[in-house]
Amino acid sequence: MPGMNDQITLTHRTNVARNIFSTRQMALLYFQLIDLHLFENFYGPSVVFQAMERAAKALNSLSKEYLPGYRSIKQLDMGSYIVIFDSKKMGTQDVLNLLVKFKPVLREEINSTVFPLTGQKADLAVGYSFLTSSNGNGFEDAIYKATMDARQASLCKIDFNELPLLEELKSIIDKPEINILYQPILDFKTNRILGWESLARGPKDSQFFTPLALFDFAEETGLLFPLERTCREQAIKHLGDFDKTQKLFLNIHPKTLVDPKFKTGETLRLLKKFGLSPENVVFEITERHSTRNFTLFYESLNHYRNQGYLVAVDDLGAGYNGLFSIAEIKPDFIKIDMSLTRGVESNPAKRALVEAIITFADKMDSKVIAEGIETKSQLEALISMGAHFGQGYYLSRPGFPKPEPAFNFRSYLPKELPSTKYFGRMKIQELTEKTLMVSKEVKISDIKKYFEEDDPISAIVVCDGQTPVGLIMSHHLDQQLSYFYGVALFYSRNVTHLMDSNPLIVDADDLVEDVANKAVKRNKYKYFDHVIVTDKNGYIGTVSVQRMLDTLTKIQVEIAKGVNPLTGLPGNAYIENEIETRIHKNGRKISIIYADLDNFKAYNDVYGFKQGDQIIQFMAKILSWSVKRHGMEDDFIGHVGGDDFIIITGSEKADRICKGIVRCFVRLCKNFYSEEDQKRGFIKARNRDGEEKKFPMFSISLAIVDCFENMTLNQISKLAAGTKKLAKSMPGNAFVRNRRNPDQNSSHT
C-alpha cells in the first residue's frame with residue numbers, strides 16, 4: 001500500500017481517465033476510517049483486514065449505483081480510499097450531495113463487520129475536491145493535489161446550510177411526507193399481538209427513503225428533534241383500530257428525551273385526541289447511541305415513566321451502553337438486536353449470550369423481544385430459550401395499514417418430543433432435519449453466498465453422490481476467511497479445502513442419547529457442529545447438538561417432575577403419594593381402578609412401537625374422558641408405565657367410569673388395525689416361546705379395588721393383583737370389582 005507521500009497512480013483505465021481529465025471535469029471523494037490503528041492494536045490485524053475488505057466492496061457498490069461512466073476506486077493506506085469519477089457538469093453542491101449519500105451507507109456496512117467482532121463502532125472522516133490542471137500539472141499530480149485537498153477538508157465539519165438536501169429534508173418534515181409502516185410484535189405464549197413498532201420511511205423516490213439516510217442526515221444537520229416529532233405524530237395519527245391492551249412502540253433517540261421541547265406534552269395531547277393513553281406507548285430507546293449525560297437522561301426517563309409511558313431498550317448487543325446502563329434504566333422491554341438473533345440456533349456463544357440476557361431480564365421483571373427473526377430455526381431456538389416476544393420478516397414484514405398476521409406459534413414451536421420418548425428407544429432420525437447438500441466441486445465463494453442468503457443456514461453437507469464426505473459450518477468458514485489473506489487463499493477454491501472431512505456421521509436408527517454422548521466427546525473445536533444422519537449410508541439430514549441436548553433435557557425435566565412424558569399424566573411418585581393421602585382422608589370412601597391392555601405385546605410386535613405408543617396415548621384420552629364425564633372433579637388419573645394406568649375415584653362412581661371406558665374401547669379400538677386384520681378379527685404374532693399364534697384384537701381389562709380406612713399400599717397391591725388376574729381372564733373388554741376388606745375373612749368379588 002502506498003503512503004500519502006508517494007505519488008498516487010491509478011491501476012487501470014489510466015488512458016481513459018487522462019482523456020476525461022483533459023476535456024472535462026473530474027471530482028474526487030475521500031474516505032478515512034478513523035482510529036483504525038487502535039482497532040488493530042486492540043483486536044488484531046484480522047479485524048482491520050475485514051473492515052477494509054467490506055469498505056472496498058461497499059464503495060464499489062455505491063459507485064456503480066451513483067456514478068455512471070468512468071470511475072476508479074483506490075486504497076491509499078490503511079483505511080483510506082479515494083473515488084475518482086467523471087463529474088461532467090456537477091457543481092460543488094452535487095458532489096457534496098454524493099458524499100452525504102455515501103457516508104452513512106459506508107459507515108453502516110463497515111460496522112456490520114467491525115461491531116460483531118469488537119463490540120465497538122468505527123467512524124468515517126470524509127472530504128471532496130476537484131481535479132484541476134492549473135500550472136501545467138499532469139494527471140498524477142492533479143490526483144495527488146486533489147487527494148491532499150480532500151483529506152484536509154475531511155478534518156473540518158461539513159457546512160450543510162447551503163446544501164439542497166437540507167431544504168429537501170426540511171420539506172419532508174414540514175409537509176409532512178413521512179411514510180409510516182407498522183411491524184407487529186408477537187407474544188410467543190398467548191399467540192397474540194403485543195403491539196406494533198412504527199417505522200419511518202421518506203418519500204419513495206427520494207434519497208431519504210431509507211431510515212439510515214433520513215435519520216443520519218437529520219442528526220448531522222440538527223433536524224433530529226423535528227424529524228422525530230413528525231414521525232411520532234404520523235405514527236399515532238395513522239395507527240387505526242387499536243386494542244387498548246396493545247402497545248405502540250415509538251423509536252426515540254436518547255437526545256430527544258432530554259430536549260426541553262419534548263416535555264411540553266404535545267405527545268400526550270395527541271394520544272388523548274386519538275383515544276390512547278401513555279400506557280399504550282413504549283418509548284424505544286436505541287442502545288446504538290451513547291448517553292453522555294446519563295444523570296439528565298435518567299431524570300428525563302423517570303419523568304415520562306411517572307406519566308405512564310413504558311420503556312424499551314432497543315438493539316441490545318449492538319451498542320455502547322451494555323448491561324450496566326440497562327440495569328440502571330430497568331426497562332419494561334429489552335429488544336435483542338438481530339446481530340444476536342442471526343445464527344442463534346447454531347452459534348453456541350450467541351446462544352449463551354441470549355440465554356443470559358433472558359435470565360437477566362427475568363430477574364429485573366423485564367420482557368425480552370427478539371428482533372430480526374428470519375427463519376423457522378431461529379424462532380424455534382428463541383422460544384425454547386424462553387424469549388417472551390418476537391418480531392421479524394419470518395413473522396410479518398412491516399406494512400401499512402397495520403398487518404395482523406394469523407400466526408399460530410404452536411406449529412412453529414420445537415417439535416413435540418417423539419412418541420418413543422424413553423431414552424432407550426428414541427432414534428436420532430426423529431430429530432433429523434434437512435440441510436443443504438452440495439457436491440465437492442462447489443466453490444467456497446458459492447458456499448459463502450448460501451450462508452448469506454435471506455433464509456440463512458448454519459450448516460452445509462458435502463456429498464459424493466448421496467454419500468456424505470464432509471461438513472462445513474458457517475462459523476468455521478467465517479473464522480477461516482477472517483484470517484489474513486484468508487479470502488485470497490480460499491475464495492476461488494472448492495469446498496474440500498475448508499470442509500471438515502471427518503464429521504460425525506451416524507445411522508438413522510442410532511439412539512439419541514448415544515449420538516449426543518458421541519457429539520460432546522469430540523474435539524472442543526467441533527463441539528457444536530451438526531451431526532450428519534444417514535440411512536443405508538445415504539444422506540438424509542442433520543441434527544444440531546443443541547437440539548439433541550434440549551430434547552433430552554426436556555425428558556429429564558418431565559421425569560424429575562414425576563410426570564410420564566408420553567401421556568403427561570402423573571407417574572409412580574405422585575401415584576403412591578395420592579393413594580396414601582386419599583386413604584387417610586376422612587369423609588369419603590374411595591376406589592382404585594387399575595387399567596391395562598390385553599394382547600398389547602402382540603400388537604406392538606406387528607405394528608411397531610410408534611403405533612403402540614399411539615394406543616397408549618389413546619388409552620389415556622379415553623380414561624380422562626370417562627373420568628371427566630362420569631367421575632368427580634377431584635378424581636385422579638395416573639400412568640404407572642407402559643399400558644398400565646390407575647384411577648382414584650369415589651366408590652359410587654367407579655362402575656360408571658368403567659362402563660364408559662369399555663363402551664369407548666369397543667367402538668374405537670378397531671380403528672387402529674388394518675382393514676384386512678379387522679375383517680379377520682385377529683393378528684398373527686409370535687408368543688414368548690417364539691411360536692406363531694393368532695391373537696385377538698387388543699382389549700382393556702379394568703380391576704376395581706375398594707379401599708378402606710387405614711389400608712396399606714401393600715394390602716392394596718395384593719388385592720389389585722388378584723382382581724387384575726380375574727379381569728384379564730375374561731374375554732374382550734371387561735371390568736371386575738373387589739369389595740373385600742383385608743381385615744375381614746369374607747369377600748365379595
# chains A, B, ... in the order shown; residues from 1 in each chain; ligands from 1
$ select_by_dssp --residues "region 492-635 of chain A" --states "helix (DSSP H, G or I)" --output "number ranges by chain"
A: 495-497, 512-520, 524-526, 545-561, 572-583, 600-607, 609-630
$ residues_around --residues "Ala720 (chain A)" --least-positions-apart "6" --cutoff "9 Å" --atoms "only C-alpha atoms" --output "ChimeraX atom specification"
/A:592-594,703-705,738
$ select_by_dssp --residues "region 49-140 of chain A" --states "strand (DSSP E or B)" --output "PyMOL selection string"
chain A and resi 71-75+80-86+124-131
$ write_last_selection --atoms "N, CA and C atoms" --output "PDB file, in the first residue's frame"
ATOM      1  N   ARG A  71     -15.165   5.709 -13.461  1.00  0.00           N
ATOM      2  CA  ARG A  71     -14.939   5.807 -12.025  1.00  0.00           C
ATOM      3  C   ARG A  71     -13.775   4.885 -11.665  1.00  0.00           C
ATOM      4  N   SER A  72     -13.063   5.230 -10.632  1.00  0.00           N
ATOM      5  CA  SER A  72     -11.968   4.387 -10.164  1.00  0.00           C
ATOM      6  C   SER A  72     -11.852   4.514  -8.654  1.00  0.00           C
ATOM      7  N   ILE A  73     -11.667   3.369  -7.989  1.00  0.00           N
ATOM      8  CA  ILE A  73     -11.534   3.339  -6.534  1.00  0.00           C
ATOM      9  C   ILE A  73     -10.102   2.954  -6.203  1.00  0.00           C
ATOM     10  N   LYS A  74      -9.493   3.693  -5.287  1.00  0.00           N
ATOM     11  CA  LYS A  74      -8.102   3.452  -4.935  1.00  0.00           C
ATOM     12  C   LYS A  74      -7.933   3.458  -3.426  1.00  0.00           C
ATOM     13  N   GLN A  75      -7.278   2.431  -2.891  1.00  0.00           N
ATOM     14  CA  GLN A  75      -6.915   2.422  -1.483  1.00  0.00           C
ATOM     15  C   GLN A  75      -5.545   3.065  -1.342  1.00  0.00           C
ATOM     16  N   SER A  80      -7.882   4.241   4.208  1.00  0.00           N
ATOM     17  CA  SER A  80      -8.262   5.448   3.468  1.00  0.00           C
ATOM     18  C   SER A  80      -8.428   5.122   1.989  1.00  0.00           C
ATOM     19  N   TYR A  81      -9.458   5.728   1.393  1.00  0.00           N
ATOM     20  CA  TYR A  81      -9.818   5.428  -0.003  1.00  0.00           C
ATOM     21  C   TYR A  81     -10.164   6.724  -0.718  1.00  0.00           C
ATOM     22  N   ILE A  82      -9.931   6.695  -2.028  1.00  0.00           N
ATOM     23  CA  ILE A  82     -10.433   7.788  -2.869  1.00  0.00           C
ATOM     24  C   ILE A  82     -11.259   7.184  -3.992  1.00  0.00           C
ATOM     25  N   VAL A  83     -12.282   7.925  -4.389  1.00  0.00           N
ATOM     26  CA  VAL A  83     -13.100   7.560  -5.542  1.00  0.00           C
ATOM     27  C   VAL A  83     -12.993   8.710  -6.536  1.00  0.00           C
ATOM     28  N   ILE A  84     -12.426   8.431  -7.709  1.00  0.00           N
ATOM     29  CA  ILE A  84     -12.265   9.444  -8.749  1.00  0.00           C
ATOM     30  C   ILE A  84     -13.295   9.160  -9.838  1.00  0.00           C
ATOM     31  N   PHE A  85     -13.991  10.196 -10.301  1.00  0.00           N
ATOM     32  CA  PHE A  85     -15.046   9.951 -11.285  1.00  0.00           C
ATOM     33  C   PHE A  85     -15.226  11.163 -12.193  1.00  0.00           C
ATOM     34  N   ASP A  86     -15.858  10.892 -13.315  1.00  0.00           N
ATOM     35  CA  ASP A  86     -16.173  11.936 -14.288  1.00  0.00           C
ATOM     36  C   ASP A  86     -17.370  12.716 -13.766  1.00  0.00           C
ATOM     37  N   LEU A 124     -16.209   7.492  10.242  1.00  0.00           N
ATOM     38  CA  LEU A 124     -15.571   7.923   8.993  1.00  0.00           C
ATOM     39  C   LEU A 124     -15.328   9.424   8.990  1.00  0.00           C
ATOM     40  N   ALA A 125     -14.199   9.823   8.451  1.00  0.00           N
ATOM     41  CA  ALA A 125     -13.964  11.209   8.065  1.00  0.00           C
ATOM     42  C   ALA A 125     -14.083  11.271   6.546  1.00  0.00           C
ATOM     43  N   VAL A 126     -14.770  12.287   6.033  1.00  0.00           N
ATOM     44  CA  VAL A 126     -14.999  12.360   4.585  1.00  0.00           C
ATOM     45  C   VAL A 126     -14.656  13.754   4.069  1.00  0.00           C
ATOM     46  N   GLY A 127     -14.267  13.803   2.818  1.00  0.00           N
ATOM     47  CA  GLY A 127     -13.969  15.066   2.162  1.00  0.00           C
ATOM     48  C   GLY A 127     -14.108  14.928   0.659  1.00  0.00           C
ATOM     49  N   TYR A 128     -14.042  16.060  -0.039  1.00  0.00           N
ATOM     50  CA  TYR A 128     -14.150  16.006  -1.504  1.00  0.00           C
ATOM     51  C   TYR A 128     -13.318  17.142  -2.094  1.00  0.00           C
ATOM     52  N   SER A 129     -13.041  17.019  -3.386  1.00  0.00           N
ATOM     53  CA  SER A 129     -12.335  18.080  -4.123  1.00  0.00           C
ATOM     54  C   SER A 129     -12.493  17.809  -5.607  1.00  0.00           C
ATOM     55  N   PHE A 130     -11.968  18.752  -6.421  1.00  0.00           N
ATOM     56  CA  PHE A 130     -11.995  18.593  -7.871  1.00  0.00           C
ATOM     57  C   PHE A 130     -10.572  18.519  -8.396  1.00  0.00           C
ATOM     58  N   LEU A 131     -10.374  17.778  -9.482  1.00  0.00           N
ATOM     59  CA  LEU A 131      -9.060  17.698 -10.125  1.00  0.00           C
ATOM     60  C   LEU A 131      -8.891  18.903 -11.037  1.00  0.00           C
TER      61      LEU A 131
END
$ closest_residue --among "A:Asn347, A:Thr341, A:Thr581, A:Asn604" --to "Asp529 (chain A)" --atoms "only C-alpha atoms"
A:Asn347
$ residues_around --residues "Glu177 (chain A)" --least-positions-apart "3" --cutoff "10 Å" --atoms "only C-alpha atoms" --output "PDB file with C-alpha atoms, in the first residue's frame"
ATOM      1  CA  LEU A 169     -35.338  17.222   4.296  1.00  0.00           C
ATOM      2  CA  SER A 171     -39.760  19.988   3.208  1.00  0.00           C
ATOM      3  CA  ILE A 172     -40.248  16.276   4.016  1.00  0.00           C
ATOM      4  CA  ILE A 173     -40.600  17.132   7.710  1.00  0.00           C
ATOM      5  CA  ASP A 174     -42.880  20.158   7.278  1.00  0.00           C
ATOM      6  CA  ILE A 180     -45.182   5.107   8.434  1.00  0.00           C
ATOM      7  CA  ARG A 201     -39.615   5.982   5.614  1.00  0.00           C
ATOM      8  CA  GLY A 202     -39.022   9.023   3.445  1.00  0.00           C
ATOM      9  CA  PRO A 203     -40.690   9.574   0.055  1.00  0.00           C
ATOM     10  CA  LYS A 204     -40.212   6.594  -2.224  1.00  0.00           C
ATOM     11  CA  THR A 230     -43.174  14.388  12.885  1.00  0.00           C
ATOM     12  CA  CYS A 231     -42.608  10.607  12.919  1.00  0.00           C
ATOM     13  CA  GLN A 234     -47.722  10.376  11.925  1.00  0.00           C
TER      14      GLN A 234
END
$ residues_around --residues "Lys526 (chain A)" --least-positions-apart "4" --cutoff "10 Å" --atoms "only C-alpha atoms" --output "list of chain:residue names"
A:Met473, A:His476, A:Asp500, A:Pro503, A:Leu504, A:Ala519, A:Val520, A:Lys521, A:Arg522, A:His530
$ write_last_selection --atoms "C-alpha atoms" --output "compact mmCIF listing (two decimals), in the first residue's frame"
# COMPACT_ATOMS: atom_id res chain seq x y z
CA MET A 473 -20.31 -24.83 9.40
CA HIS A 476 -15.94 -22.15 10.97
CA ASP A 500 -14.41 -30.94 7.84
CA PRO A 503 -17.54 -35.13 10.60
CA LEU A 504 -19.62 -37.22 12.98
CA ALA A 519 -21.06 -35.48 19.88
CA VAL A 520 -19.98 -33.96 23.18
CA LYS A 521 -16.87 -36.12 23.32
CA ARG A 522 -15.49 -34.58 20.12
CA HIS A 530 -24.06 -30.60 13.34
$ residues_around --residues "Lys237 (chain A)" --least-positions-apart "4" --cutoff "9 Å" --atoms "only C-alpha atoms" --output "PyMOL selection string"
chain A and resi 232-233+270-271+274
$ residues_around --residues "region 189-193 of chain A" --least-positions-apart "4" --cutoff "10 Å" --atoms "only C-alpha atoms" --output "CSV table (one decimal) with C-alpha atoms, in the first residue's frame"
chain,number,residue,atom,x,y,z
A,184,PRO,CA,-46.2,-6.5,14.7
A,185,ILE,CA,-44.6,-7.8,17.8
A,243,ASP,CA,-56.9,-2.7,21.2
A,245,THR,CA,-54.3,-3.7,25.8
A,246,GLN,CA,-51.8,-3.4,23.0
A,247,LYS,CA,-48.7,-1.2,22.6
A,383,ILE,CA,-38.9,-19.8,22.0
A,386,GLY,CA,-37.6,-18.5,26.9
A,387,ALA,CA,-37.8,-15.3,24.8
A,388,HIS,CA,-41.2,-13.7,25.5
A,389,PHE,CA,-41.9,-11.8,22.3
A,390,GLY,CA,-40.5,-11.6,18.7
A,404,GLU,CA,-52.3,-8.5,11.5
A,405,PRO,CA,-50.8,-11.9,10.8
A,406,ALA,CA,-52.7,-15.1,11.7
A,407,PHE,CA,-49.6,-16.8,13.0
A,408,ASN,CA,-50.0,-20.0,15.0
A,409,PHE,CA,-46.9,-20.4,17.1
A,410,ARG,CA,-47.9,-24.0,18.1
$ closest_residue --among "A:Leu250, A:Glu299, A:Glu220, A:Ser154" --to "Ala200 (chain A)" --atoms "only C-alpha atoms"
A:Leu250
$ atom_distance --atom1 "CA of Lys335 (chain A)" --atom2 "CA of Glu284 (chain A)"
8.9 Å
$ atom_distance --atom1 "CA of Pro570 (chain A)" --atom2 "CA of Cys669 (chain A)"
24.2 Å
